[in-house]
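Q: Please read through the structure below; I'll follow up with questions.
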Amino acid sequence: MENEEIRVRFAPSPTGKFHIGSARTALFNYLFAKKMGGKFILRIEDTDKERSSEEYTQDIINSLLWLGIGWDEGPQVGGEYGPYFQTQRLGSYKKFADKLLEDKKAYKCFCTAEELEAERTAQHAAKQAPKYSGKCRNLTPEQVAENEKAGKPFAIRFITQEKKVDFDDLIKGHISYDAGLIGDFTIVRSDGMPLFTFAVVVDDYEMKISHVLRGEEHLPNAAKHILIAEAMQIMPPQFGHMPLILNTDKTKMSKRKDPVSVTDDYRAKGYLPDALVNFIALLGWNNTDDQEIYSMKELIQEFQIERVGKSPSIFDREKLLWMNGLYIRHLTVGELASQAQNFITDKELEDKIMERPDFYLQAVALVQDRLKLLSEVQEMIKFFFFPQEYDAEVLIAKKSDKTRTALALKLAEEELAKLTKFSHDETESTLRAAAQVNELQAGEILWSVRAALSGSSASPGVFELLEVFGKDESLKRIATARTKLA
RNA sequence: GGUCUCAUCGUCUAGUGGCCUAGGACACUUGGUUCUCAUCCAAGAGAUCGCGGGUUCGACUCCCGCUGAGACCGCCA
C-alpha cells in the first residue's frame with residue numbers, strides 16, 4: 001500500500017441548494033475521517049456548467065460550516081492536492097483521457113445528441129435496456145480523421161469490457177455487476193468537459209482518496225469507477241454506499257415536494273445545527289445501546305461504519321422537531337436569547353428588545369420550555385412588550401363565570417397594589433390568600449390574572465409573569481382586563 | 001424492459017440461533033404535578049418480526065423461492 005492514510009471526500013455539485021441528504025453524506029464522511037484520524041476533503045464538482053452556480057457553492061460551504069462539519073482540505077482552506085474545484089483541474093482529466101485514447105481504452109464518438117436520443121427511445125419502445133450501440137467504436141482512423149477535419153464535435157467514450165465487476169462495499173457487502181449491460185459510456189463531453197463518472201476517478205486518485213462514502217444511488221457508478229480505474233491501472237478506493245433518506249411516501253426526497261434545503265428549510269426555520277446533526281446521524285446509524293442524544297464529539301467517538309444500516313429511512317419531521325425542542329431547552333438563556341434574536345422580524349419588537357435587553361432575557365427564559373423552533377420566539381414573547389388584543393372570555397377560568405372573574409380581578413388589583421416586594425413568592429401568597437378569604441377557587445383568580453397579563457389562554461405561569469412584568473405593568477394590565485368585563 | 005439494493009410497532013431503530021410472551025425513542029392515549037400551555041414524571045396501546053418453504057432440538061436471527069418497495073440505466077451528479 002503506497003498510501004495508508006485515511007482520506008475521504010465529500011464531493012457535491014453546486015447545482016441546487018444544499019440538500020439534507022447531502023448533509024448526511026457529508027456528516028458520515030466527516031465522522032468516519034475524524035474517528036479514524038484521517039482527513040476530510042471537500043471537493044466541488046462543478047463540471048456541469050449549465051447548472052452549476054457560485055450561489056450554490058456558497059450555500060454548500062455555509063451549510064457545512066453551520067452544521068459544524070469542517071474540512072481539512074478544500075475551498076478556502078486549500079491543501080496539497082488542490083485545486084478542489086473540478087473546473088480548475090481540467091488539465092488532469094485531459095491527460096488521463098488522452099492516455100485512455102492512446103491505449104485504445106476509449107474512443108472518439110461523433111454521434112449527435114439527436115442520434116443518441118433516437119437510439120434510446122427506440123430501445124425504450126422495444127423494451128430493451130437503454131445502452132449505447134457502440135457505433136463509433138469501430139470507426140477507422142481514417143474516418144475519425146475525416147470527421148475531425150470536417151470539424152465535427154466529438155465526445156470520448158470509454159470501452160466497457162464485457163465482464164463481471166465485483167467489489168466489497170463497506171456497507172452493502174459483496175456487490176457484483178455485469179459490465180456487459182452497461183455499454184460504452186461517455187467520459188468527456190464534446191465541449192471538452194469531463195463527466196462526473198470519469199472526473200471522480202481521476203480526482204479520487206490524485207487526491208489519494210482511500211474511502212468513498214456516498215449515497216446508494218451511486219452504487220451502479222461504482223462499477224464504472226472500478227472499470228475506469230482498471231483501465232488507468234490504478235487502485236480504486238474502498239466504497240461504502242449509504243442507504244437513501246426517504247420522504248414519507250417512501251420515494252427519494254425531492255426538491256419539488258419536500259423541505260430539503262438545509263439553509264431554507266432548516267436553518268431559516270429555526271432548527272439548531274446540533275439538533276439537525278444529531279437527528280441525521282441517527283438516520284441509518286446507531287450505537288446498539290439506547291442513547292439517542294449525541295454531541296458531535298460523541299458521534300466522532302462512537303461512529304463505526306460497520307454500524308451503518310442497509311435499509312433506507314424515512315425522514316420523520318416530528319421527531320426532529322422534538323429533538324430540536326430538547327436542544328433548545330439545553331441552551332443557556334443567554335445563548336437562546338441571542339440566537340433567537342436572529343429570528344425577530346418585527347421591527348417594532350426588535351426596537352423594544354434593544355431598549356430592554358434584560359426584560360427580553362427574562363421573557364425568553366419563561367418561554368424556553370415551550371419552544372420547538374427558534375422562530376417561535378417572536379410570537380411567544382410579543383405580549384411581553386405589547387399588550388395583545390383579546391376577548392373578555394379568555395379571562396374567565398373554566399369553572400368560573402363573569403361575575404366571579406370580575407371579583408377575582410378586582411381583588412387581585414387591590415391586594416397586589418399593597419405589595420412592596422413584587423416577587424414570585426410574595427404575589428403567590430397574596431393571591432392565594434385573597435382567593436381563600438373571598439371563597440374563590442385559587443384557580444379562578446390565578447387564571448384570570450394570568451390571562452390579563454398575557455392576553456392568552458396559554459402562557460407561562462402567572463407568578464413568573466407578575467415578577468417579570470413588575471408591579472406597575474401588572475396592575476395596568478389587570479385594570480385593562482377589568483374594563484373588558486365591565 | 002434490464003440491473004442492483006432493501007424488507008422488525010405509523011416512524012427512527014435494538015436484536016448476529018435459545019436471554020424475545022421482541023427492547024428503546026418520536027408520535028398517540030391515560031394519569032400525576034399544576035393557574036393554562038409547555039416541561040417533567042408514571043402508565044398504556046401499538047410489530048402474528050413482508051409471505052412460503054427449508055436447515056435445526058430450537059429461527060426475527062442461517063439458506064432458497066416469492067412478493068413488495070426503492071434506486072440506477074444521460075454529452076446530470
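In the C-alpha cells, chains take letters A, B, ... by order of appearance, with residues numbered from 1 within each chain and ligands from 1 in the order shown.
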Which chain A residues have any atom within 6 Å of an atom of chain B, and for each, what is the nearest pair of atoms with distance in Å to one decimal, counting only C-alpha atoms (C1' of nucleotides), rows sorted by chain and number, as a tab-separated table?

A:
residue	atom	partner	partner_atom	distance
A:Lys127	CA	B:G1	C1'	4.2
A:Gln128	CA	B:G1	C1'	5.2
A:Ala129	CA	B:G2	C1'	5.3
A:Arg189	CA	B:C75	C1'	4.4
A:Glu217	CA	B:A71	C1'	5.5
A:Thr288	CA	B:A14	C1'	6.0
A:Asp290	CA	B:G24	C1'	5.4
A:Ser311	CA	B:C6	C1'	5.3
A:Lys319	CA	B:C26	C1'	4.7
A:Asp369	CA	B:U39	C1'	5.5
A:Arg370	CA	B:A38	C1'	4.5
A:Gly443	CA	B:C35	C1'	5.0
A:Leu446	CA	B:C35	C1'	4.6
A:Trp447	CA	B:C35	C1'	4.6
A:Ser457	CA	B:U36	C1'	5.8
A:Ala458	CA	B:C37	C1'	4.3
A:Ser459	CA	B:C37	C1'	5.6

Q: Would you kindly return, as a VMD selection string, each protein, DNA or RNA residue with an atom no farther than 12 Å from any atom of A:Asp258, considering only C-alpha atoms (C1' of nucleotides) and excluding same-chain residues fewer than 3 positions away?

A: chain A and resid 19 to 21 245 to 249 251 to 255 261 to 262 264 to 266 315 to 317

Q: Just want the 8 Å neighbourhood of stretch 395-405 of chain A, counted on only C-alpha atoms (C1' of nucleotides), with same-chain residues fewer than 2 positions away dropped. Output as a PDB file with C-alpha atoms, in the first residue's frame.

A:
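around13.pdb written:
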ATOM      1  CA  ASP A 391     -61.558  38.570  24.051  1.00  0.00           C
ATOM      2  CA  ALA A 392     -63.030  39.045  27.524  1.00  0.00           C
ATOM      3  CA  GLU A 393     -63.952  35.368  27.513  1.00  0.00           C
ATOM      4  CA  LEU A 407     -64.414  39.944  41.523  1.00  0.00           C
ATOM      5  CA  ALA A 408     -61.202  37.940  41.219  1.00  0.00           C
ATOM      6  CA  LEU A 409     -59.566  40.650  39.152  1.00  0.00           C
ATOM      7  CA  LEU A 440     -62.921  31.881  45.309  1.00  0.00           C
ATOM      8  CA  GLY A 443     -57.594  28.702  40.019  1.00  0.00           C
ATOM      9  CA  GLU A 444     -60.180  31.326  39.248  1.00  0.00           C
ATOM     10  CA  ILE A 445     -58.050  34.194  40.373  1.00  0.00           C
ATOM     11  CA  TRP A 447     -56.211  32.009  35.670  1.00  0.00           C
ATOM     12  CA  SER A 448     -57.795  35.402  35.208  1.00  0.00           C
ATOM     13  CA  VAL A 449     -54.735  37.316  36.322  1.00  0.00           C
ATOM     14  CA  ALA A 451     -54.898  35.818  31.168  1.00  0.00           C
ATOM     15  CA  ALA A 452     -54.986  39.521  31.976  1.00  0.00           C
ATOM     16  CA  GLY A 455     -53.974  38.067  26.868  1.00  0.00           C
ATOM     17  CA  SER A 457     -55.369  31.127  27.380  1.00  0.00           C
ATOM     18  CA  ALA A 481     -58.772  43.431  31.837  1.00  0.00           C
ATOM     19  CA  LEU A 485     -65.517  42.674  31.873  1.00  0.00           C
TER      20      LEU A 485
END

Q: For B:A45, please output as an MDAnalysis selection string all residues within 10 Å (counting only C-alpha atoms (C1' of nucleotides); exclusion window: fewer than 6 positions along the same chain).

A: chainID B and resid 28:30

Q: Work out how far atom CA of A:Asp48 is from atom CA of A:Ser190, in Å to one decimal.

A: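 Here the two named atoms are 12.6 Å from each other.
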
Q: Report, in Å with one decimal, the straight-line distance from atom CA of A:Ile353 to atom CA of A:Gly334.

A: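 Atom-to-atom, atom CA of A:Ile353 and atom CA of A:Gly334 are spaced 13.7 Å apart.
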
Q: Which parts of stretch 209-329 of chain A does DSSP call strand (DSSP E or B) when run on the backbone here, written out as a PyMOL selection string?

A: chain A and resi 211-215+238-242+245-246+252+261+285+308+313-314

Q: Take the residues from that selection and put them in a file with N, CA and C atoms, as an mmCIF file, in the first residue's frame.

A:
data_model
loop_
_atom_site.group_PDB
_atom_site.id
_atom_site.type_symbol
_atom_site.label_atom_id
_atom_site.label_comp_id
_atom_site.auth_asym_id
_atom_site.auth_seq_id
_atom_site.Cartn_x
_atom_site.Cartn_y
_atom_site.Cartn_z
ATOM 1 N N HIS A 211 -11.298 6.104 0.863
ATOM 2 C CA HIS A 211 -12.647 5.567 1.003
ATOM 3 C C HIS A 211 -13.660 6.519 0.398
ATOM 4 N N VAL A 212 -14.577 5.959 -0.363
ATOM 5 C CA VAL A 212 -15.646 6.768 -0.942
ATOM 6 C C VAL A 212 -16.960 6.372 -0.282
ATOM 7 N N LEU A 213 -17.467 7.286 0.528
ATOM 8 C CA LEU A 213 -18.742 7.043 1.207
ATOM 9 C C LEU A 213 -19.777 7.958 0.575
ATOM 10 N N ARG A 214 -20.782 7.397 -0.030
ATOM 11 C CA ARG A 214 -21.782 8.230 -0.694
ATOM 12 C C ARG A 214 -23.123 7.522 -0.706
ATOM 13 N N GLY A 215 -24.097 8.190 -1.290
ATOM 14 C CA GLY A 215 -25.454 7.657 -1.295
ATOM 15 C C GLY A 215 -25.593 6.421 -2.163
ATOM 16 N N GLN A 238 -11.880 2.277 -1.565
ATOM 17 C CA GLN A 238 -12.894 1.380 -0.998
ATOM 18 C C GLN A 238 -14.219 2.118 -1.028
ATOM 19 N N PHE A 239 -15.280 1.379 -1.322
ATOM 20 C CA PHE A 239 -16.580 2.031 -1.398
ATOM 21 C C PHE A 239 -17.478 1.686 -0.222
ATOM 22 N N GLY A 240 -18.333 2.626 0.080
ATOM 23 C CA GLY A 240 -19.361 2.398 1.084
ATOM 24 C C GLY A 240 -20.582 3.168 0.641
ATOM 25 N N HIS A 241 -21.650 2.465 0.341
ATOM 26 C CA HIS A 241 -22.852 3.149 -0.139
ATOM 27 C C HIS A 241 -23.952 3.173 0.907
ATOM 28 N N MET A 242 -24.306 4.386 1.296
ATOM 29 C CA MET A 242 -25.270 4.554 2.366
ATOM 30 C C MET A 242 -26.701 4.545 1.847
ATOM 31 N N ILE A 245 -32.226 8.467 2.134
ATOM 32 C CA ILE A 245 -33.188 9.047 3.069
ATOM 33 C C ILE A 245 -34.448 9.290 2.260
ATOM 34 N N LEU A 246 -35.538 8.737 2.762
ATOM 35 C CA LEU A 246 -36.786 8.796 2.017
ATOM 36 C C LEU A 246 -37.788 9.793 2.570
ATOM 37 N N LYS A 252 -37.452 8.887 -2.880
ATOM 38 C CA LYS A 252 -36.310 9.743 -2.575
ATOM 39 C C LYS A 252 -36.813 11.161 -2.311
ATOM 40 N N SER A 261 -33.836 21.764 1.725
ATOM 41 C CA SER A 261 -32.727 22.713 1.754
ATOM 42 C C SER A 261 -32.287 22.983 3.191
ATOM 43 N N TRP A 285 -27.706 5.147 11.231
ATOM 44 C CA TRP A 285 -26.618 4.737 12.112
ATOM 45 C C TRP A 285 -27.146 4.666 13.536
ATOM 46 N N VAL A 308 -23.536 1.277 10.246
ATOM 47 C CA VAL A 308 -24.453 1.979 9.350
ATOM 48 C C VAL A 308 -25.376 0.914 8.754
ATOM 49 N N SER A 313 -34.189 5.023 5.249
ATOM 50 C CA SER A 313 -35.011 5.507 6.351
ATOM 51 C C SER A 313 -35.827 6.716 5.937
ATOM 52 N N ILE A 314 -36.978 6.796 6.524
ATOM 53 C CA ILE A 314 -37.873 7.908 6.233
ATOM 54 C C ILE A 314 -37.558 9.044 7.191
#

Q: Out of stretch 133-373 of chain A, which residues get alpha helix (DSSP H) from DSSP, as JSON, numbers by chain?

A: {"A": [141, 142, 143, 144, 145, 146, 147, 148, 149, 196, 197, 198, 199, 200, 201, 202, 203, 204, 205, 206, 219, 220, 221, 222, 223, 224, 225, 226, 227, 228, 229, 230, 231, 273, 274, 275, 276, 277, 278, 279, 280, 281, 296, 297, 298, 299, 300, 301, 302, 317, 318, 319, 320, 321, 322, 323, 324, 325, 326, 327, 328, 329, 330, 333, 334, 335, 336, 337, 338, 339, 340, 341, 347, 348, 349, 350, 351, 352, 353, 354, 355, 357, 358, 359, 360, 361, 362, 363, 364, 365, 366, 367]}

Q: Could you give me, as a short mmCIF file (atom, residue, chain, number, x, y, z; two decimals) with C-alpha atoms (C1' of nucleotides), in the first residue's frame, the residues within 9 Å of B:A22, counting only C-alpha atoms (C1' of nucleotides) and dropping anything in the same chain fewer than 4 positions from it?

A:
data_model
loop_
_atom_site.label_atom_id
_atom_site.label_comp_id
_atom_site.auth_asym_id
_atom_site.auth_seq_id
_atom_site.Cartn_x
_atom_site.Cartn_y
_atom_site.Cartn_z
"C1'" U B 8 -38.79 -5.80 12.92
"C1'" G B 15 -31.81 -7.73 18.07
"C1'" A B 47 -44.96 -5.43 15.44
"C1'" C B 49 -40.53 -9.84 13.02
"C1'" C B 60 -36.67 -12.23 13.93
#
